[in-house]
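Only one structure is covered here, and it is reproduced in the block below.
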Amino acid sequence: MADKKKMVEAITSRDTDFAKWYTDIVKKAELVDYSGVKGCMVIRPYGYAIWENIQADLDRRFKEKGHENVYMPMFIPESLLQKEKDHVEGFAPECAWVTIGGSEKLNEKLCVRPTSETLFCEHYAKVINTYRDLPKLYNQWCSVVRWEKTTRPFLRTSEFLWQEGHTMHETPEEAQEETLTMLKVYEDFYRETLAIPAVVGKKTEKEKFAGALATYTIEPMMHNGVALQGGTSHYFGDGFAKSFDITYTGRDNQQHYPHQTSWGVSTRMIGAIIMVHGDDDGLVLPPKVSPIQVAIVPIATHKEGVLEKGEELYNRLKGEFRVKYDDSDQSPGWKFSQYEMKGVPVRVELGPKDIEKNQCVIVRRDTREKIFVSLDNLEEAVRKALQDVHDGMYEKALKNMQEKTHVATTFDEFVQTAEEKPGFIKAMWCGDKECEEKLKEVTGGVKSRCIPFEEEHLSDKCVCCGKEAKHMVYWGKQY
RNA sequence: CGAGGUGUAGCGCAGUUUGGUAGCGCACUUCGUUCGGGACGAAGGGGCCGCAGGUUCGAAUCCUGUCACCUCGACCA
C-alpha cells in the first residue's frame, strides 16, 4: 500500500458513499466538467470519445437493419407539439421554450425538442403516400432538452445526447416486430459491447411512454442495487398517424394509417458503464468502447533501448487496437494509477528486464492479473486479454445482478426486502395501477421496472392486494 | 419545488466565532537526481475569498439580497 499522504487524488470508496464515488469518478477520469448552465455538462474529450465509440457501434447495428440517418429541427412549434394529447401532457412539464427571436417576440413559441415524434410525424405526413414508401426507417443522432429539477452527470441532465429511431410501417404486426427487434439490438449491444447484462421486458401502463401503446425497456442493475432505465422501444400503433393525418394508399387502393415505432438510448449509458463496472480505483471501461484499449508504459526510460522497444511495440499494436504509448516523464507508479483511474482495460509494461527476456507484462484492469508474455506473441496475447477483460466484466456484472435479484410473495416480505436488500424484487402483480402506486409509496420509491419477457410463476396472488395475479414484475429503485 | 449543507489558487481545505496586508497540501513551471505500484531536492508562478448591495477608517470575516453546486425527498431517459 502506498503512503496515505500521497493518495490525494484518491476517490471516495464505492461502498462508503456510492453517489460521491460516482461524482468523483466522473470528474477525476475527466469525463465531464460542470458548466455555467444548470443541469448541463461539458463532455470532455475522454468522455466524448466513449460516446463516439458507442455511436459507431450502434450506428452500424442500426444500418444493418436498414435504418437511415436524418436530422430534424431542434425547435417544435407549440401547435405541432399539441397535436397528440397524451404526448404533450407527458412532456409539457419539462419543456424549455423559445419566446423571443433576436429582439422580436415570436407569434408562436417554440419548444426545444424533448423528443422528436412530432417532427418526424410532420415530415412523414409529407413523404409517405403509398405502401411503396413503407417502411420508413429513420434514425437521428442529436441532443434533446428536458428541464429537470435535479440533475447528475450522464444520468439526468437538462440536455443530453442520444439517438432516436422513428419508423413507420404498413401493418401493426410489422411495427410491433420492429419495436422488439430494436429492443433486441439494444440488448445485444449492452451485452456484446458494454459487457452489461440486463432485464428486458414491457413497461406497465403507468410507466409507459407518453402517447405509446406499449413501451419496452432494458433495465441494467447498477452495483449498488439501483436500476437504470437503459433504453426504451415504443410501439405507437396508428395514434400519432391519426393525429398528424399521415395516410398512405394501400395495396387495396384504400387509404390507411401507417403504424409507428420509436426507440432511443442516450449518454446515460455512460453512467451505466460507470456504475456497473467501476471500482474503488476508478473507471473500468468495456474494451469495445474504451478510448484507449491498451496503454504501454515503459519502465526506466533512461536505460538504453527501452524507449525504442516501447515505440516498436506501439507500432506493432496500433493498427489493430486503440493504443496509447506513454513515454512521458511521470513515474511508472503514477502512470499505473492514472490508467486505472481512466479504466483502460489492458496495460502493457515494458522494462529492461523484460527486454532481456524478450517479454512484456500485460495487466488486466478488471482483475489486476499480471501476465508475462513473449514479445513474439504480443498481438495475440493482447487480443486475448481484451476479450478476457470483456468476458470477466460481463460475468462479474451478471453475478451482481443475480445476487441483487430477490423474490417476494407477500406484502410484508416485499416491504422488508425493499428496505433491507437493494436490487430487483420479483413479485406477482394483479395489473392494477393502485397496487403499483401503493407499493411505491410504502417502500419509498420502489417502482415497477418491467414485466419480463420470461415471466416466472411465483404465486397466484398479487403481492399487494392478494387478488389474482396477472404478471410477474421486476420492481426496484431507479436512477 | 420542499428540507439541510457548501462556495477562499486547477483540485482538496484552513482562516469567519472575536473585522486589521490571503494561507497550507497537491497540481503547475525550471533545473538536477530518480524510474518494476501514485519518487526526491532546490528555485519559481498563480486569488476581485461565488456575485451584488450595505455597515465600517478598514470586510473572506458582520448585515441584506442573489446565484451556483452537493445530499435527502416529490417529477422524469
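Ordering of the C-alpha cells sets the chain letters (A, B, ...); residue numbers start at 1 within each chain; ligands are numbered from 1 in the order shown.
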
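Using only C-alpha atoms (C1' of nucleotides), the chain A residues found within 8 Å of chain B amount to A:Ala2, A:Lys6, A:Met7, A:Val8, A:Glu148, A:Lys149, A:Arg156, A:Gln229, A:Gly230, A:Gly231, A:Val265, A:Ser266, A:Arg268, A:Ile299, A:Ala300, A:Thr301, A:Ser331, A:Pro332, A:Gly333, A:Trp334, A:Lys335, A:Phe336, A:Ser337, A:Gly351.
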
Distance query stretch 47-60 of chain A at most 8 Å, only C-alpha atoms (C1' of nucleotides), self and fewer than 2 positions along chain excluded, as a PyMOL selection string = chain A and resi 30-32+43-45+62-64+189+193+267+270+288-291

How would the residues just chosen look if you wrote them out with C-alpha atoms as a PDB file, in the first residue's frame?
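The resulting file, part_24.pdb, is reproduced below:
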```pdb
ATOM      1  CA  GLU A  30     -12.020  13.631 -16.903  1.00  0.00           C
ATOM      2  CA  LEU A  31     -15.296  12.549 -18.444  1.00  0.00           C
ATOM      3  CA  VAL A  32     -17.211  15.740 -17.755  1.00  0.00           C
ATOM      4  CA  ILE A  43     -18.488  16.328 -22.042  1.00  0.00           C
ATOM      5  CA  ARG A  44     -14.697  16.330 -22.130  1.00  0.00           C
ATOM      6  CA  PRO A  45     -12.595  14.583 -24.788  1.00  0.00           C
ATOM      7  CA  PHE A  62     -28.949   0.248 -36.981  1.00  0.00           C
ATOM      8  CA  LYS A  63     -27.781   0.389 -40.560  1.00  0.00           C
ATOM      9  CA  GLU A  64     -27.513  -3.387 -40.716  1.00  0.00           C
ATOM     10  CA  PHE A 189     -25.315  -4.038 -27.681  1.00  0.00           C
ATOM     11  CA  THR A 193     -20.270  -4.085 -26.454  1.00  0.00           C
ATOM     12  CA  THR A 267     -25.408   9.213 -22.982  1.00  0.00           C
ATOM     13  CA  ILE A 270     -22.037   6.029 -19.961  1.00  0.00           C
ATOM     14  CA  LYS A 288     -15.037  -2.248 -27.133  1.00  0.00           C
ATOM     15  CA  VAL A 289     -15.804   1.360 -26.197  1.00  0.00           C
ATOM     16  CA  SER A 290     -12.704   2.338 -24.245  1.00  0.00           C
ATOM     17  CA  PRO A 291     -10.980   5.291 -25.956  1.00  0.00           C
TER      18      PRO A 291
END
```

task = Can you pull out every residue within 12 Å of stretch 87-96 of chain A, counting only C-alpha atoms (C1' of nucleotides), but drop anything in the same chain fewer than 4 positions away, and send it as a ChimeraX atom specification?
result = /A:74-83,109-118,144-150,157-159,206-213,236,239-240,243 /B:75-76

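Our summary of the geometry notes that atom CA of A:Val199 is positioned 8.9 Å from atom CA of A:Phe453.
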
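Omitting stretch 304-310 of chain A and its sequence neighbours fewer than 3 positions away, and counting only C-alpha atoms (C1' of nucleotides), the residues within 8 Å are Ile296, Val297, Pro298, Ile299, Ala300, Thr301, Leu313, Tyr314, Tyr325, Asp327, Leu350, Gly351, Pro352 and Ile355 of chain A.
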
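Taking only C-alpha atoms (C1' of nucleotides), the non-local environment of B:A52 within 12 Å (same-chain residues fewer than 3 positions away omitted) comprises B:U64, B:G65, B:U66, B:C67.
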
Suppose we keep C-alpha atoms (C1' of nucleotides); can you now write the selection as an mmCIF file, in the first residue's frame?
```cif
data_model
loop_
_atom_site.group_PDB
_atom_site.id
_atom_site.type_symbol
_atom_site.label_atom_id
_atom_site.label_comp_id
_atom_site.auth_asym_id
_atom_site.auth_seq_id
_atom_site.Cartn_x
_atom_site.Cartn_y
_atom_site.Cartn_z
ATOM 1 C "C1'" U B 64 -29.379 42.092 3.169
ATOM 2 C "C1'" G B 65 -30.231 40.022 -1.310
ATOM 3 C "C1'" U B 66 -28.968 36.818 -5.155
ATOM 4 C "C1'" C B 67 -26.675 32.742 -7.923
#
```

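By chain and then residue number, the residues within 10 Å of stretch 55-57 of chain B are G19, C62 and C63 of chain B, counting only C-alpha atoms (C1' of nucleotides) and disregarding those fewer than 3 positions away in sequence.
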
request  = Determine which residues of stretch 21-52 of chain A receive a DSSP assignment of alpha helix (DSSP H), computed from the backbone, and state them as a count of residues only.
outcome  = 16

inquiry  = From the options B:G50, B:A42, B:A60, B:A3, which residue's atoms come nearest to B:A22, counting only C-alpha atoms (C1' of nucleotides)?
reply    = B:A60

message = as a ChimeraX atom specification, please: the residues near A:Ala29 (cut-off 12 Å, only C-alpha atoms (C1' of nucleotides), same-chain neighbours under 3 positions excluded).
response = /A:9-11,21-26,32-33,43-47,50,274,278,281-285,337-344

Let's have the selection written as a PDB file, in the first residue's frame, with C-alpha atoms.
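result.pdb, written as the output of this step:
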```
ATOM      1  CA  GLU A   9      -6.481  12.219  -5.647  1.00  0.00           C
ATOM      2  CA  ALA A  10      -7.973   9.123  -4.068  1.00  0.00           C
ATOM      3  CA  ILE A  11     -11.637   8.687  -4.745  1.00  0.00           C
ATOM      4  CA  TRP A  21     -17.943   7.822  -5.591  1.00  0.00           C
ATOM      5  CA  TYR A  22     -19.837   8.332  -8.847  1.00  0.00           C
ATOM      6  CA  THR A  23     -19.198  12.062  -8.884  1.00  0.00           C
ATOM      7  CA  ASP A  24     -15.518  11.537  -8.068  1.00  0.00           C
ATOM      8  CA  ILE A  25     -15.082   9.097 -10.931  1.00  0.00           C
ATOM      9  CA  VAL A  26     -16.830  11.284 -13.430  1.00  0.00           C
ATOM     10  CA  VAL A  32     -17.211  15.740 -17.755  1.00  0.00           C
ATOM     11  CA  ASP A  33     -16.996  19.177 -16.272  1.00  0.00           C
ATOM     12  CA  ILE A  43     -18.488  16.328 -22.042  1.00  0.00           C
ATOM     13  CA  ARG A  44     -14.697  16.330 -22.130  1.00  0.00           C
ATOM     14  CA  PRO A  45     -12.595  14.583 -24.788  1.00  0.00           C
ATOM     15  CA  TYR A  46     -12.223  11.346 -22.848  1.00  0.00           C
ATOM     16  CA  GLY A  47     -15.944  11.140 -22.145  1.00  0.00           C
ATOM     17  CA  ILE A  50     -16.542   6.847 -25.255  1.00  0.00           C
ATOM     18  CA  ILE A 274     -19.523   3.683 -14.663  1.00  0.00           C
ATOM     19  CA  GLY A 278     -16.357   0.874 -11.883  1.00  0.00           C
ATOM     20  CA  ASP A 281      -9.638   2.605  -8.243  1.00  0.00           C
ATOM     21  CA  GLY A 282     -11.760   4.309 -10.837  1.00  0.00           C
ATOM     22  CA  LEU A 283     -13.399   3.527 -14.115  1.00  0.00           C
ATOM     23  CA  VAL A 284     -13.364   0.096 -15.665  1.00  0.00           C
ATOM     24  CA  LEU A 285     -14.209   0.505 -19.327  1.00  0.00           C
ATOM     25  CA  SER A 337      -2.744   4.591 -11.203  1.00  0.00           C
ATOM     26  CA  GLN A 338      -3.692   7.059 -13.877  1.00  0.00           C
ATOM     27  CA  TYR A 339      -4.672   4.454 -16.444  1.00  0.00           C
ATOM     28  CA  GLU A 340      -6.523   2.513 -13.794  1.00  0.00           C
ATOM     29  CA  MET A 341      -8.466   5.637 -12.888  1.00  0.00           C
ATOM     30  CA  LYS A 342      -9.326   6.048 -16.537  1.00  0.00           C
ATOM     31  CA  GLY A 343     -10.441   2.458 -16.843  1.00  0.00           C
ATOM     32  CA  VAL A 344      -8.025   1.392 -19.594  1.00  0.00           C
TER      33      VAL A 344
END
```

task = Name the residues of stretch 121-238 of chain A that come out as strand (DSSP E) in a backbone DSSP run; write them as number ranges by chain.
result = A: 136-145, 159-169, 198-202, 214-220, 231-237
